[in-house]
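Trainee: Starting off with a structure, shown below.
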Amino acid sequence: MVLVYAESPNGHLKKSAFEAVTYGKKVAELLGLPCVAITLGSKVQDAGELGKYGASRVVQVADAQLDHLDSQVIAAALSTAAQQLGASIVLLSHSSSGKTIAGRLAVRLSAGLVSGVNSLPTGNASELRVKKMVFSGKAIVEYAITTPVKVLSLMGNAVRPEINGAAVSVETLSVPLTSGRVRVKAVKTVEGKVPLPEAEIVVSAGRGMKDPGNWGIVEELADTLGATTACSRPVADSHWRPHHEHVGQTGIAIRPNLYIAIGISGAIQHLAGVNSSKVIVVINKDPEAPFFKAADYGVVGDLFEIVPRLTAAIRKFKSTN
Amino acid sequence: MKILVCVSQTPDTTAKISFSPDGTTFNSAGVQFIMNPYDEWYALVRACELRETLGGTVVVLNVGPASNETTIRKALAIGADEAVRIDAEPQSAAFVAKQVAEYAKTGGFDLIFLGKETIDFNGSEVGAMVAEHLDLPYISYASKLGLNGNLATLERDIEGGVEVLELELPFVLSAAKGMAEQRIPNMRGIMMARTKPLTVVPPVPVEESVKTLQFTLPPAKVGVKLVDPENMDELVRLLHEEAKAI
Ligand SMILES: Cc1cc2nc3c(=O)[nH]c(=O)nc-3n(C[C@H](O)[C@H](O)[C@H](O)COP(=O)(O)OP(=O)(O)OC[C@H]3O[C@@H](n4cnc5c(N)ncnc54)[C@H](O)[C@@H]3O)c2cc1C
Ligand SMILES: Nc1ncnc2c1ncn2[C@@H]1O[C@H](COP(=O)(O)O)[C@@H](O)[C@H]1O
C-alpha cells in the first residue's frame, strides 16, 4: 500500500497535499497497490476530499498533540500508522515540515529515503527508481530504493493536482502517541499571499530596480498575475525587501511554473535557486546579462518602461480570457 | 556548553558539474571544493558565538576522506575548538547520519548543529536522521536561536513565515539564513587552527538502502526567444499559447 501523508497546517489541506495524493495514486498504479491518505491533527477539515485525487481510503489520527510540528511526535505517529496499515511506500511533501519528518521516518521504518523527487518513478516494488535534481538544479540523479519499506518526498509543483475520483468518508485511526518536547509559541505568516515555495508564478526583482521605492511596478505586475514576489540577495541584504523573499543558493530554492526576473543579472548563485522553474522570462537592459542564457523568453530594455507595459498587456489578456 | 557542528564539503557553486561517461560518478577534476555554506555561515558561526558568550567547546565533525582536512582546518580557523573526521566517503545521508549519531553518543553534547541542506545533494535529510537515532527533538530551518540556561527559544522558517518555538536542551538543529553572519577567518585564527586537535575516527558499518544509478545533465535550454520590448502583447501570447504558463 502507498501511504500519503497529507499536510494540513491549521486544519486546511495544502495544495502540496493534493499534489502528493495525485502522485501517490500514480505510484500505487505502477505497483498495483492501493493509495491511502493520512491526515494528522484535531482540526483537519474536508479530509475526504483527498478521495477525489486518488486516495481509496482516507484515515485520520485526530489528536490535538499532532496539531503542531514536533517531528519526534509526528514521525512516531506516522511510522506506527504505516506499520498498522501495512504501507510499503510512505510519501510526504518536500515542504518545511516534510523535510523535518522524512529522515526520522526513514530511520524508524528502516526505509531507504529519497527526498525531493520530481518525476514519476519506474521499476517495481523491490527496486523503485526515482529521480531528483542535485547540484542546485545543475544535474539529475536517478536512485534505486531497495529496502522493503520506502520513503519519498515530493518536490512542490512537480505534478499538478488531478481529480480522478470521488470524495470518500474519513476513517479514524488511533495510534499511541509519544509526548513532545517542542512548544510552539507563535506562528507568524504573511497573510493573503501564496508562500514563495508554493507559488506557481513568481515575479522577482534585483538591483536593477535602483531603489526600494520603485517596487510598486513589480507588485502591480505580481498582483495582476496572482504571483508572489521574490528578490535577489543584495536586495534583501540592503533591506530593500524582506529576507523571506531572497531566492538563490543562500536564500530559498523555488520551482514555480513561471519565473519573471526583472533587473537581475543571473549570477550562478541566484540561478541555483531558480533554474528549475519551468518557464523563465528575463527583463534586463544588458543583452549580455548571463540570465538570458538560462531564460526561455527575454526582453532587452529598460525595466521601468517594460514592466508597466507588460502589466497592461496582461490586464488586457485577462479581461478577454 | 558543548556543541557539535556537522560540516560537509561540497563543490563550489560556480563549479562546472560533470560526470564520468557512464554517468555513475561525479567528475571532481578541476573542481574547487568549499565548506557547505549553510554549515559554515550559519551553523558554525552561531555555535562559535554561543561558546564566546557562554563558554564551553565547539567540536566540528566531518564525514569524509583525508582530502577534506583543508575544509576542517578552515572550520577551526573560524573558531571551532576541536575537530573530528570520520574516515569514510560520505556515501549517503543515511550513512553520514549514522556516523554522526554514533560519534555524538560518546560526547555529551548539549546541542548538535547542521546546515539546512548540502548544496550538492540538496537532501535536507541528515539532520532528521541524526535526531531520530539519538531520540532527540529536531528543529529544522532555524533562523534564530536564543538560550537562557537550559531553555532555548527559536525561530524556524516555514512556508511564508516563521514559527516561534521553545524547548529544553539537548536537541538537534539545522541552520538557515538569519542564524548568524558569515565570518572570514583572520590570520590569528588560521595560525591557531594548525595546532588545534583533529581526531580521525573509523566509521561504523551501515547497510545501504539507496543505490545511485545514474547522473545526467538537464536538457539544455533551446536558447532564449527575444521579444520586442515595444510588444508585450506578443510576450503574453507566447506565455499563454506556447509556454502555457499563464
Ligand atoms: C557564496 C555566495 C552566495 C550567494 N547567494 C546568492 C543568492 O542566494 N541569491 C542571489 O540572488 N545572489 C546570491 N549571491 C550574489 C550573486 O553572486 C550576485 O551578486 C547577485 O545575485 C546579484 O544581484 P542582482 O542581479 O540583483 O544585481 P546585479 O548583479 O547588480 O544586477 C543588476 C542587473 O540589473 C540590470 N539593470 C540595471 N538597470 C536596469 C534597467 N533600468 N532596466 C533593466 N535592467 C536593468 C543590469 O543590467 C544588471 O544585469 C551570492 C554570492 C556568493 C558569493
Ligand atoms: N559528510 C558530512 N559530514 C558532516 N556533516 C554532514 C555531511 N554531509 C551532510 N552533513 C550535515 O548535514 C546537513 C544536511 O545535509 P543533507 O541532508 O545532505 O542536505 C549539512 O548541512 C551538514 O551539516
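Every chain in the C-alpha cells has a letter given in the order shown (A, B, ...), and although residue numbers restart at 1 in each chain, ligands are simply numbered from 1 in the order shown.
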Leaving out region 178-184 of chain A and any residue of its chain fewer than 3 positions from it, which residues lie within 8 Å of it when counting only C-alpha atoms, given as a list in words?
Mentor: Gln65, His68, Asp70, Gln72, Val73, Ala76, Ala77 and Val187 of chain A; Pro137, Glu163, Val164, Leu165, Glu166, Leu167 and Glu168 of chain B
Trainee: Enumerate residues in contact with ligand 2: an atom-to-atom distance of at most 8 Å, counting only C-alpha atoms and all ligand atoms. Format the result as JSON, numbers by chain.
Mentor: {"B": [5, 6, 7, 8, 9, 36, 38, 39, 43, 61, 62, 63, 64, 86, 89, 90, 92, 93, 96, 97, 100, 113, 114, 115, 116, 117, 118, 119, 120, 121, 122, 123, 124, 125, 126, 127, 174, 175]}
Trainee: Please identify every residue of chain A that has at least one atom no farther than 6 Å from an atom of chain B, counting only C-alpha atoms, and for each give the shortest atom pair and the distance in Å to one decimal, arranged by chain then increasing number, as CSV.
Mentor:
```
residue,atom,partner,partner_atom,distance
A:Gln72,CA,B:Pro137,CA,5.9
A:Ser96,CA,B:Ile158,CA,5.7
A:Thr100,CA,B:Ala128,CA,5.9
A:Gly103,CA,B:Met129,CA,4.6
A:Arg104,CA,B:Met129,CA,5.0
A:Gly112,CA,B:Ser209,CA,4.7
A:Ser115,CA,B:Gly123,CA,6.0
A:Val134,CA,B:Phe121,CA,5.0
A:Phe135,CA,B:Asp120,CA,4.2
A:Ala139,CA,B:Leu217,CA,4.6
A:Ile140,CA,B:Thr216,CA,5.2
A:Val141,CA,B:Phe215,CA,4.4
A:Glu142,CA,B:Gln214,CA,5.2
A:Tyr143,CA,B:Thr212,CA,4.6
A:Ala144,CA,B:Lys211,CA,5.1
A:Ile145,CA,B:Val210,CA,4.6
A:Thr146,CA,B:Ser209,CA,5.7
A:Thr147,CA,B:Ser209,CA,5.7
A:Val182,CA,B:Leu167,CA,5.1
A:Arg183,CA,B:Glu166,CA,5.1
A:Val184,CA,B:Leu165,CA,4.5
A:Lys185,CA,B:Val164,CA,5.3
A:Ala186,CA,B:Val164,CA,5.0
A:Val187,CA,B:Glu163,CA,4.4
A:Lys188,CA,B:Val162,CA,5.3
A:Thr189,CA,B:Gly161,CA,4.0
A:Val190,CA,B:Gly160,CA,5.9
A:Pro195,CA,B:Gly160,CA,4.2
A:Leu258,CA,B:Ala245,CA,6.0
A:Ala295,CA,B:Val224,CA,5.4
A:Asp296,CA,B:Val224,CA,4.6
A:Tyr297,CA,B:Lys225,CA,4.7
A:Gly298,CA,B:Leu226,CA,4.7
A:Val299,CA,B:Val227,CA,5.3
A:Leu310,CA,B:Met232,CA,5.2
A:Ala313,CA,B:Asp233,CA,5.3
```
Trainee: Would you put the residues from that selection into a file with N, CA and C atoms, as a short mmCIF file (atom, residue, chain, number, x, y, z; two decimals), in the first residue's frame?
Mentor:
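Here's the written file result_1.cif:
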```cif
data_model
loop_
_atom_site.label_atom_id
_atom_site.label_comp_id
_atom_site.auth_asym_id
_atom_site.auth_seq_id
_atom_site.Cartn_x
_atom_site.Cartn_y
_atom_site.Cartn_z
N GLN A 72 9.41 14.61 16.45
CA GLN A 72 9.52 13.37 17.22
C GLN A 72 8.14 12.69 17.35
N SER A 96 8.60 22.36 4.35
CA SER A 96 9.38 22.55 5.57
C SER A 96 9.06 21.47 6.60
N THR A 100 11.38 17.86 7.73
CA THR A 100 11.70 17.67 9.14
C THR A 100 11.35 16.25 9.60
N GLY A 103 13.40 12.14 7.28
CA GLY A 103 14.58 11.42 7.74
C GLY A 103 14.28 10.58 8.98
N ARG A 104 13.47 11.12 9.87
CA ARG A 104 13.11 10.38 11.09
C ARG A 104 12.32 9.14 10.73
N GLY A 112 14.71 3.07 2.93
CA GLY A 112 15.51 3.94 2.07
C GLY A 112 14.71 5.20 1.80
N SER A 115 14.56 12.20 -1.04
CA SER A 115 13.75 13.38 -0.80
C SER A 115 13.79 14.31 -2.00
N VAL A 134 19.91 17.47 -8.43
CA VAL A 134 21.00 17.68 -7.47
C VAL A 134 21.91 18.79 -7.98
N PHE A 135 22.92 19.13 -7.21
CA PHE A 135 23.82 20.23 -7.54
C PHE A 135 23.01 21.49 -7.88
N ALA A 139 22.11 19.17 -12.20
CA ALA A 139 22.14 17.77 -12.65
C ALA A 139 20.93 17.03 -12.12
N ILE A 140 20.70 15.85 -12.74
CA ILE A 140 19.59 14.99 -12.32
C ILE A 140 20.22 13.67 -11.91
N VAL A 141 19.73 13.08 -10.84
CA VAL A 141 20.25 11.77 -10.46
C VAL A 141 19.10 10.79 -10.37
N GLU A 142 19.39 9.55 -10.76
CA GLU A 142 18.39 8.50 -10.59
C GLU A 142 18.88 7.54 -9.51
N TYR A 143 18.01 7.27 -8.54
CA TYR A 143 18.34 6.35 -7.45
C TYR A 143 17.43 5.13 -7.54
N ALA A 144 17.91 4.02 -6.99
CA ALA A 144 17.05 2.85 -6.80
C ALA A 144 16.94 2.62 -5.30
N ILE A 145 15.71 2.54 -4.82
CA ILE A 145 15.50 2.23 -3.40
C ILE A 145 15.19 0.74 -3.31
N THR A 146 15.94 0.08 -2.43
CA THR A 146 15.88 -1.38 -2.43
C THR A 146 15.34 -1.98 -1.13
N THR A 147 15.01 -1.13 -0.16
CA THR A 147 14.50 -1.65 1.11
C THR A 147 13.02 -2.04 0.98
N VAL A 182 8.67 20.02 22.02
CA VAL A 182 8.72 21.32 21.35
C VAL A 182 7.41 22.06 21.61
N ARG A 183 7.51 23.30 22.10
CA ARG A 183 6.31 24.10 22.32
C ARG A 183 6.27 25.23 21.29
N VAL A 184 5.19 25.26 20.51
CA VAL A 184 5.06 26.32 19.52
C VAL A 184 4.42 27.52 20.19
N LYS A 185 5.12 28.65 20.21
CA LYS A 185 4.65 29.84 20.91
C LYS A 185 3.84 30.75 20.00
N ALA A 186 4.23 30.80 18.73
CA ALA A 186 3.52 31.68 17.79
C ALA A 186 3.87 31.25 16.38
N VAL A 187 2.97 31.52 15.47
CA VAL A 187 3.23 31.30 14.06
C VAL A 187 2.99 32.62 13.36
N LYS A 188 4.04 33.15 12.74
CA LYS A 188 3.90 34.45 12.06
C LYS A 188 3.98 34.21 10.56
N THR A 189 2.89 34.39 9.87
CA THR A 189 2.93 34.25 8.41
C THR A 189 2.42 35.52 7.76
N VAL A 190 2.87 35.73 6.53
CA VAL A 190 2.40 36.87 5.77
C VAL A 190 1.02 36.50 5.23
N PRO A 195 2.66 31.45 -0.19
CA PRO A 195 4.07 31.43 0.20
C PRO A 195 4.97 31.12 -1.00
N LEU A 258 6.29 29.62 -13.63
CA LEU A 258 6.76 30.80 -14.35
C LEU A 258 7.55 31.69 -13.41
N ALA A 295 17.31 31.64 -19.81
CA ALA A 295 15.91 32.07 -19.97
C ALA A 295 15.23 31.39 -21.16
N ASP A 296 13.91 31.31 -21.10
CA ASP A 296 13.13 30.86 -22.24
C ASP A 296 12.72 32.06 -23.09
N TYR A 297 12.33 33.13 -22.42
CA TYR A 297 11.95 34.36 -23.12
C TYR A 297 12.72 35.53 -22.53
N GLY A 298 13.12 36.45 -23.40
CA GLY A 298 13.88 37.59 -22.91
C GLY A 298 13.38 38.88 -23.52
N VAL A 299 13.47 39.95 -22.74
CA VAL A 299 13.14 41.28 -23.25
C VAL A 299 14.33 42.17 -22.90
N LEU A 310 4.13 45.42 -19.67
CA LEU A 310 3.76 44.01 -19.52
C LEU A 310 2.52 43.87 -18.64
N ALA A 313 -0.44 44.68 -20.69
CA ALA A 313 -0.74 43.62 -21.66
C ALA A 313 -1.42 42.44 -20.96
#
```
Trainee: Considering only alpha helix (DSSP H) as DSSP defines it on the backbone, what residues of region 158-209 of chain B qualify? List them as a VMD selection string.
Mentor: chain B and resid 187 to 193
Trainee: Kindly save the residues from that selection, with all heavy atoms included, as a short mmCIF file (atom, residue, chain, number, x, y, z; two decimals), in the first residue's frame.
Mentor:
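Full text of selection-v4.cif as output:
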```
data_model
loop_
_atom_site.label_atom_id
_atom_site.label_comp_id
_atom_site.auth_asym_id
_atom_site.auth_seq_id
_atom_site.Cartn_x
_atom_site.Cartn_y
_atom_site.Cartn_z
N MET B 187 44.05 36.01 10.34
CA MET B 187 45.37 35.39 10.36
C MET B 187 45.60 34.62 11.66
O MET B 187 46.11 33.49 11.65
CB MET B 187 46.41 36.52 10.21
CG MET B 187 47.66 36.12 9.50
SD MET B 187 47.24 35.21 8.00
CE MET B 187 48.61 34.10 7.96
N ARG B 188 45.17 35.21 12.77
CA ARG B 188 45.38 34.57 14.06
C ARG B 188 44.62 33.24 14.11
O ARG B 188 45.14 32.21 14.54
CB ARG B 188 44.90 35.52 15.17
CG ARG B 188 45.29 35.06 16.53
CD ARG B 188 45.11 36.16 17.59
NE ARG B 188 45.03 35.52 18.88
CZ ARG B 188 43.91 35.18 19.46
NH1 ARG B 188 42.75 35.43 18.89
NH2 ARG B 188 43.92 34.58 20.63
N GLY B 189 43.38 33.28 13.62
CA GLY B 189 42.56 32.07 13.59
C GLY B 189 43.22 30.99 12.74
O GLY B 189 43.25 29.81 13.13
N ILE B 190 43.76 31.39 11.61
CA ILE B 190 44.39 30.43 10.71
C ILE B 190 45.63 29.81 11.38
O ILE B 190 45.84 28.60 11.30
CB ILE B 190 44.75 31.11 9.37
CG1 ILE B 190 43.47 31.54 8.65
CG2 ILE B 190 45.58 30.19 8.48
CD1 ILE B 190 43.64 32.47 7.48
N MET B 191 46.41 30.65 12.07
CA MET B 191 47.60 30.14 12.77
C MET B 191 47.19 29.17 13.88
O MET B 191 47.74 28.07 14.01
CB MET B 191 48.41 31.29 13.40
CG MET B 191 48.98 32.30 12.43
SD MET B 191 50.04 31.56 11.19
CE MET B 191 51.45 31.17 12.22
N MET B 192 46.18 29.58 14.66
CA MET B 192 45.75 28.73 15.78
C MET B 192 45.17 27.41 15.31
O MET B 192 45.32 26.37 15.96
CB MET B 192 44.72 29.47 16.63
CG MET B 192 45.37 30.43 17.62
SD MET B 192 44.16 31.53 18.34
CE MET B 192 43.15 30.40 19.26
N ALA B 193 44.50 27.45 14.15
CA ALA B 193 43.85 26.23 13.63
C ALA B 193 44.86 25.10 13.42
O ALA B 193 44.53 23.93 13.56
CB ALA B 193 43.14 26.55 12.33
#
```
Trainee: Rounded to one decimal in Å, what is the spacing between CA of Glu191 (chain A) and CA of Leu13 (chain A)?
Mentor: 16.7 Å
Trainee: Residues within 7 Å of ligand 1 should be enumerated using only C-alpha atoms and all ligand atoms and returned as a compact mmCIF listing (two decimals) with all heavy atoms, in the first residue's frame.
Mentor:
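This is the output file out26.txt:
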```
# COMPACT_ATOMS: atom_id res chain seq x y z
N ALA A 205 12.72 40.64 -8.52
CA ALA A 205 13.45 41.80 -9.00
C ALA A 205 14.77 41.95 -8.26
O ALA A 205 14.92 41.50 -7.12
CB ALA A 205 12.61 43.06 -8.85
N GLY A 206 15.72 42.60 -8.93
CA GLY A 206 17.07 42.73 -8.39
C GLY A 206 17.52 44.16 -8.31
O GLY A 206 16.71 45.11 -8.29
N ARG A 207 18.83 44.30 -8.28
CA ARG A 207 19.43 45.60 -8.05
C ARG A 207 19.13 46.60 -9.16
O ARG A 207 19.25 47.80 -8.96
CB ARG A 207 20.94 45.40 -7.91
CG ARG A 207 21.56 46.35 -6.95
CD ARG A 207 22.69 45.77 -6.18
NE ARG A 207 23.69 45.13 -7.03
CZ ARG A 207 24.82 44.63 -6.57
NH1 ARG A 207 25.10 44.70 -5.29
NH2 ARG A 207 25.67 44.05 -7.38
N GLY A 208 18.73 46.07 -10.32
CA GLY A 208 18.36 46.95 -11.43
C GLY A 208 17.19 47.87 -11.10
O GLY A 208 16.94 48.86 -11.79
N MET A 209 16.49 47.59 -10.00
CA MET A 209 15.36 48.43 -9.57
C MET A 209 15.83 49.77 -9.00
O MET A 209 15.02 50.67 -8.77
CB MET A 209 14.54 47.71 -8.50
CG MET A 209 13.84 46.45 -8.97
SD MET A 209 12.62 46.74 -10.23
CE MET A 209 11.44 47.73 -9.35
N LYS A 210 17.12 49.86 -8.67
CA LYS A 210 17.76 51.10 -8.19
C LYS A 210 17.38 51.56 -6.78
O LYS A 210 18.20 52.03 -6.03
CB LYS A 210 17.47 52.29 -9.12
CG LYS A 210 17.82 52.07 -10.56
CD LYS A 210 19.31 52.25 -10.82
CE LYS A 210 19.65 52.24 -12.29
NZ LYS A 210 19.30 50.99 -12.98
N CYS A 231 13.16 38.27 -4.59
CA CYS A 231 14.23 39.22 -4.90
C CYS A 231 15.59 38.53 -4.88
O CYS A 231 15.72 37.40 -4.42
CB CYS A 231 14.21 40.39 -3.92
SG CYS A 231 14.68 39.94 -2.25
N SER A 232 16.58 39.25 -5.39
CA SER A 232 17.95 38.72 -5.36
C SER A 232 18.56 39.02 -3.99
O SER A 232 18.03 39.80 -3.19
CB SER A 232 18.79 39.35 -6.46
OG SER A 232 18.97 40.73 -6.19
N ARG A 233 19.71 38.42 -3.74
CA ARG A 233 20.31 38.55 -2.41
C ARG A 233 20.73 39.97 -2.04
O ARG A 233 20.42 40.43 -0.93
CB ARG A 233 21.48 37.59 -2.29
CG ARG A 233 22.23 37.77 -1.01
CD ARG A 233 23.22 36.69 -0.79
NE ARG A 233 24.27 37.17 0.07
CZ ARG A 233 25.48 36.65 0.12
NH1 ARG A 233 25.80 35.67 -0.68
NH2 ARG A 233 26.35 37.14 0.93
N PRO A 234 21.41 40.72 -2.93
CA PRO A 234 21.81 42.07 -2.49
C PRO A 234 20.61 42.94 -2.13
O PRO A 234 20.71 43.81 -1.25
CB PRO A 234 22.55 42.64 -3.70
CG PRO A 234 22.51 41.63 -4.78
CD PRO A 234 21.96 40.36 -4.25
N VAL A 235 19.48 42.68 -2.77
CA VAL A 235 18.27 43.44 -2.47
C VAL A 235 17.79 43.15 -1.04
O VAL A 235 17.42 44.06 -0.30
CB VAL A 235 17.20 43.10 -3.54
CG1 VAL A 235 15.81 43.49 -3.07
CG2 VAL A 235 17.53 43.76 -4.87
N HIS A 246 14.20 36.44 -0.42
CA HIS A 246 15.51 36.17 -1.03
C HIS A 246 15.58 34.74 -1.59
O HIS A 246 15.47 33.78 -0.86
CB HIS A 246 16.58 36.43 0.05
CG HIS A 246 17.91 35.83 -0.20
ND1 HIS A 246 18.89 35.80 0.76
CD2 HIS A 246 18.45 35.24 -1.27
CE1 HIS A 246 19.97 35.21 0.29
NE2 HIS A 246 19.72 34.84 -0.94
N VAL A 247 15.74 34.65 -2.91
CA VAL A 247 15.89 33.34 -3.53
C VAL A 247 17.31 33.14 -4.03
O VAL A 247 18.02 34.11 -4.30
CB VAL A 247 14.89 33.12 -4.70
CG1 VAL A 247 13.47 33.02 -4.20
CG2 VAL A 247 15.03 34.19 -5.77
N GLY A 248 17.72 31.89 -4.12
CA GLY A 248 19.06 31.58 -4.59
C GLY A 248 19.73 30.59 -3.67
O GLY A 248 19.10 30.06 -2.75
N GLN A 249 20.99 30.40 -3.92
CA GLN A 249 21.74 29.39 -3.18
C GLN A 249 21.66 29.60 -1.68
O GLN A 249 21.54 28.65 -0.92
CB GLN A 249 23.18 29.44 -3.65
CG GLN A 249 24.05 28.37 -3.04
CD GLN A 249 25.46 28.84 -2.92
OE1 GLN A 249 26.08 29.21 -3.90
NE2 GLN A 249 25.97 28.83 -1.70
N THR A 250 21.76 30.84 -1.23
CA THR A 250 21.75 31.07 0.20
C THR A 250 20.37 31.46 0.74
O THR A 250 20.18 31.56 1.94
CB THR A 250 22.76 32.17 0.59
OG1 THR A 250 22.66 33.21 -0.37
CG2 THR A 250 24.16 31.63 0.59
N GLY A 251 19.44 31.73 -0.14
CA GLY A 251 18.08 32.02 0.30
C GLY A 251 17.26 30.76 0.14
O GLY A 251 17.67 29.71 0.61
N ILE A 262 13.41 40.47 -13.11
CA ILE A 262 13.47 41.87 -13.54
C ILE A 262 14.70 42.54 -12.97
O ILE A 262 14.86 42.62 -11.74
CB ILE A 262 12.19 42.60 -13.05
CG1 ILE A 262 10.95 41.90 -13.61
CG2 ILE A 262 12.22 44.07 -13.43
CD1 ILE A 262 9.66 42.32 -12.95
N GLY A 263 15.59 43.02 -13.82
CA GLY A 263 16.78 43.71 -13.34
C GLY A 263 17.65 42.84 -12.44
O GLY A 263 18.19 43.32 -11.45
N ILE A 264 17.74 41.56 -12.80
CA ILE A 264 18.61 40.62 -12.07
C ILE A 264 19.62 40.10 -13.09
O ILE A 264 19.24 39.69 -14.19
CB ILE A 264 17.81 39.43 -11.48
CG1 ILE A 264 16.72 39.93 -10.53
CG2 ILE A 264 18.74 38.45 -10.77
CD1 ILE A 264 15.83 38.84 -9.97
N SER A 265 20.92 40.11 -12.73
CA SER A 265 21.93 39.77 -13.73
C SER A 265 21.98 38.28 -14.04
O SER A 265 22.35 37.88 -15.13
CB SER A 265 23.31 40.25 -13.27
OG SER A 265 23.62 39.71 -12.00
N GLY A 266 21.59 37.44 -13.06
CA GLY A 266 21.62 36.00 -13.31
C GLY A 266 22.93 35.36 -12.88
O GLY A 266 23.43 34.46 -13.55
N ALA A 267 23.47 35.83 -11.76
CA ALA A 267 24.68 35.21 -11.20
C ALA A 267 24.36 33.75 -10.86
O ALA A 267 23.21 33.42 -10.54
CB ALA A 267 25.11 35.94 -9.92
N ILE A 268 25.40 32.93 -10.93
CA ILE A 268 25.18 31.50 -10.75
C ILE A 268 24.52 31.17 -9.40
O ILE A 268 23.69 30.28 -9.30
CB ILE A 268 26.50 30.75 -10.98
CG1 ILE A 268 26.24 29.26 -11.19
CG2 ILE A 268 27.49 30.98 -9.85
CD1 ILE A 268 27.12 28.66 -12.22
N GLN A 269 24.86 31.95 -8.36
CA GLN A 269 24.27 31.68 -7.05
C GLN A 269 22.78 32.03 -7.03
O GLN A 269 22.03 31.48 -6.24
CB GLN A 269 24.98 32.49 -5.94
CG GLN A 269 26.44 32.16 -5.77
CD GLN A 269 27.34 33.02 -6.65
OE1 GLN A 269 26.85 33.80 -7.46
NE2 GLN A 269 28.63 32.86 -6.49
N HIS A 270 22.39 32.97 -7.85
CA HIS A 270 20.96 33.27 -7.98
C HIS A 270 20.28 32.14 -8.75
O HIS A 270 19.25 31.61 -8.32
CB HIS A 270 20.76 34.61 -8.68
CG HIS A 270 19.31 35.00 -8.76
ND1 HIS A 270 18.67 35.66 -7.73
CD2 HIS A 270 18.37 34.79 -9.70
CE1 HIS A 270 17.39 35.85 -8.06
NE2 HIS A 270 17.19 35.32 -9.25
N GLY A 273 18.98 28.83 -7.23
CA GLY A 273 17.69 28.74 -6.53
C GLY A 273 16.48 28.80 -7.43
O GLY A 273 15.36 28.60 -6.96
N ILE A 283 13.92 40.16 -17.96
CA ILE A 283 13.83 41.54 -18.43
C ILE A 283 15.08 42.26 -17.94
O ILE A 283 15.30 42.38 -16.73
CB ILE A 283 12.56 42.23 -17.89
CG1 ILE A 283 11.31 41.46 -18.36
CG2 ILE A 283 12.51 43.70 -18.33
CD1 ILE A 283 10.01 41.96 -17.75
N ASN A 284 15.94 42.69 -18.87
CA ASN A 284 17.21 43.29 -18.48
C ASN A 284 17.68 44.20 -19.60
O ASN A 284 17.54 43.88 -20.77
CB ASN A 284 18.24 42.18 -18.22
CG ASN A 284 19.43 42.67 -17.42
OD1 ASN A 284 20.09 43.63 -17.82
ND2 ASN A 284 19.70 42.02 -16.31
N LYS A 285 18.28 45.34 -19.23
CA LYS A 285 18.70 46.26 -20.29
C LYS A 285 20.02 45.85 -20.93
O LYS A 285 20.37 46.35 -22.00
CB LYS A 285 18.78 47.70 -19.74
CG LYS A 285 19.91 47.93 -18.77
CD LYS A 285 20.00 49.39 -18.39
CE LYS A 285 21.17 49.61 -17.45
NZ LYS A 285 21.20 50.93 -16.85
N ASP A 286 20.73 44.92 -20.27
CA ASP A 286 22.02 44.50 -20.80
C ASP A 286 21.86 43.19 -21.57
O ASP A 286 21.62 42.14 -20.97
CB ASP A 286 22.99 44.31 -19.61
CG ASP A 286 24.31 43.72 -20.04
OD1 ASP A 286 24.57 43.65 -21.26
OD2 ASP A 286 25.08 43.33 -19.15
N ALA A 289 23.63 40.15 -20.21
CA ALA A 289 23.38 39.64 -18.85
C ALA A 289 23.32 38.11 -18.89
O ALA A 289 22.64 37.53 -19.74
CB ALA A 289 22.07 40.21 -18.31
N GLY A 301 15.78 45.69 -22.53
CA GLY A 301 15.35 47.08 -22.48
C GLY A 301 15.22 47.57 -21.05
O GLY A 301 15.57 46.85 -20.09
N ASP A 302 14.72 48.78 -20.92
CA ASP A 302 14.61 49.43 -19.62
C ASP A 302 13.39 48.89 -18.85
O ASP A 302 12.26 49.05 -19.30
CB ASP A 302 14.49 50.94 -19.83
CG ASP A 302 14.48 51.69 -18.50
OD1 ASP A 302 14.56 51.04 -17.43
OD2 ASP A 302 14.38 52.93 -18.54
N LEU A 303 13.66 48.30 -17.71
CA LEU A 303 12.57 47.69 -16.94
C LEU A 303 11.49 48.70 -16.56
O LEU A 303 10.31 48.35 -16.45
CB LEU A 303 13.12 46.98 -15.70
CG LEU A 303 13.72 47.81 -14.57
CD1 LEU A 303 12.66 48.21 -13.54
CD2 LEU A 303 14.81 47.03 -13.88
N PHE A 304 11.89 49.95 -16.35
CA PHE A 304 10.91 50.96 -15.91
C PHE A 304 9.87 51.24 -17.00
O PHE A 304 8.77 51.66 -16.71
CB PHE A 304 11.61 52.24 -15.46
CG PHE A 304 12.46 52.01 -14.24
CD1 PHE A 304 13.85 51.89 -14.34
CD2 PHE A 304 11.88 51.85 -12.99
CE1 PHE A 304 14.63 51.65 -13.22
CE2 PHE A 304 12.65 51.60 -11.86
CZ PHE A 304 14.03 51.50 -11.97
N PRO B 37 27.95 26.14 2.48
CA PRO B 37 27.72 27.48 3.03
C PRO B 37 26.81 27.53 4.25
O PRO B 37 27.05 28.31 5.19
CB PRO B 37 27.07 28.26 1.87
CG PRO B 37 27.30 27.46 0.65
CD PRO B 37 27.71 26.07 1.04
```
Trainee: Running DSSP on the backbone, which parts of region 3-93 of chain B land in strand (DSSP E or B), as a PyMOL selection string?
Mentor: chain B and resi 3-6+9-11+19+26+33-35+57-63+82-86
Trainee: What does the file look like for those residues with C-alpha atoms, as a tab-separated table (two decimals), in the first residue's frame?
Mentor:
```tsv
chain	number	residue	atom	x	y	z
B	3	ILE	CA	28.17	21.97	20.74
B	4	LEU	CA	28.73	19.57	17.87
B	5	VAL	CA	28.69	21.17	14.41
B	6	CYS	CA	28.44	18.90	11.37
B	9	GLN	CA	32.38	19.71	1.89
B	10	THR	CA	30.71	20.48	-1.44
B	11	PRO	CA	31.76	21.68	-4.88
B	19	PHE	CA	30.17	13.09	-14.61
B	26	PHE	CA	30.95	12.91	-10.20
B	33	PHE	CA	35.63	22.41	-3.03
B	34	ILE	CA	34.25	24.58	-0.22
B	35	MET	CA	32.62	24.14	3.15
B	57	THR	CA	33.54	23.76	23.47
B	58	VAL	CA	32.65	23.67	19.80
B	59	VAL	CA	33.54	20.41	18.06
B	60	VAL	CA	33.29	20.24	14.26
B	61	LEU	CA	32.66	16.90	12.65
B	62	ASN	CA	33.08	15.87	9.05
B	63	VAL	CA	32.47	12.51	7.47
B	82	GLU	CA	38.49	20.79	18.03
B	83	ALA	CA	37.67	18.63	15.05
B	84	VAL	CA	36.73	15.06	14.30
B	85	ARG	CA	36.89	13.40	10.93
B	86	ILE	CA	35.11	10.11	10.40
```
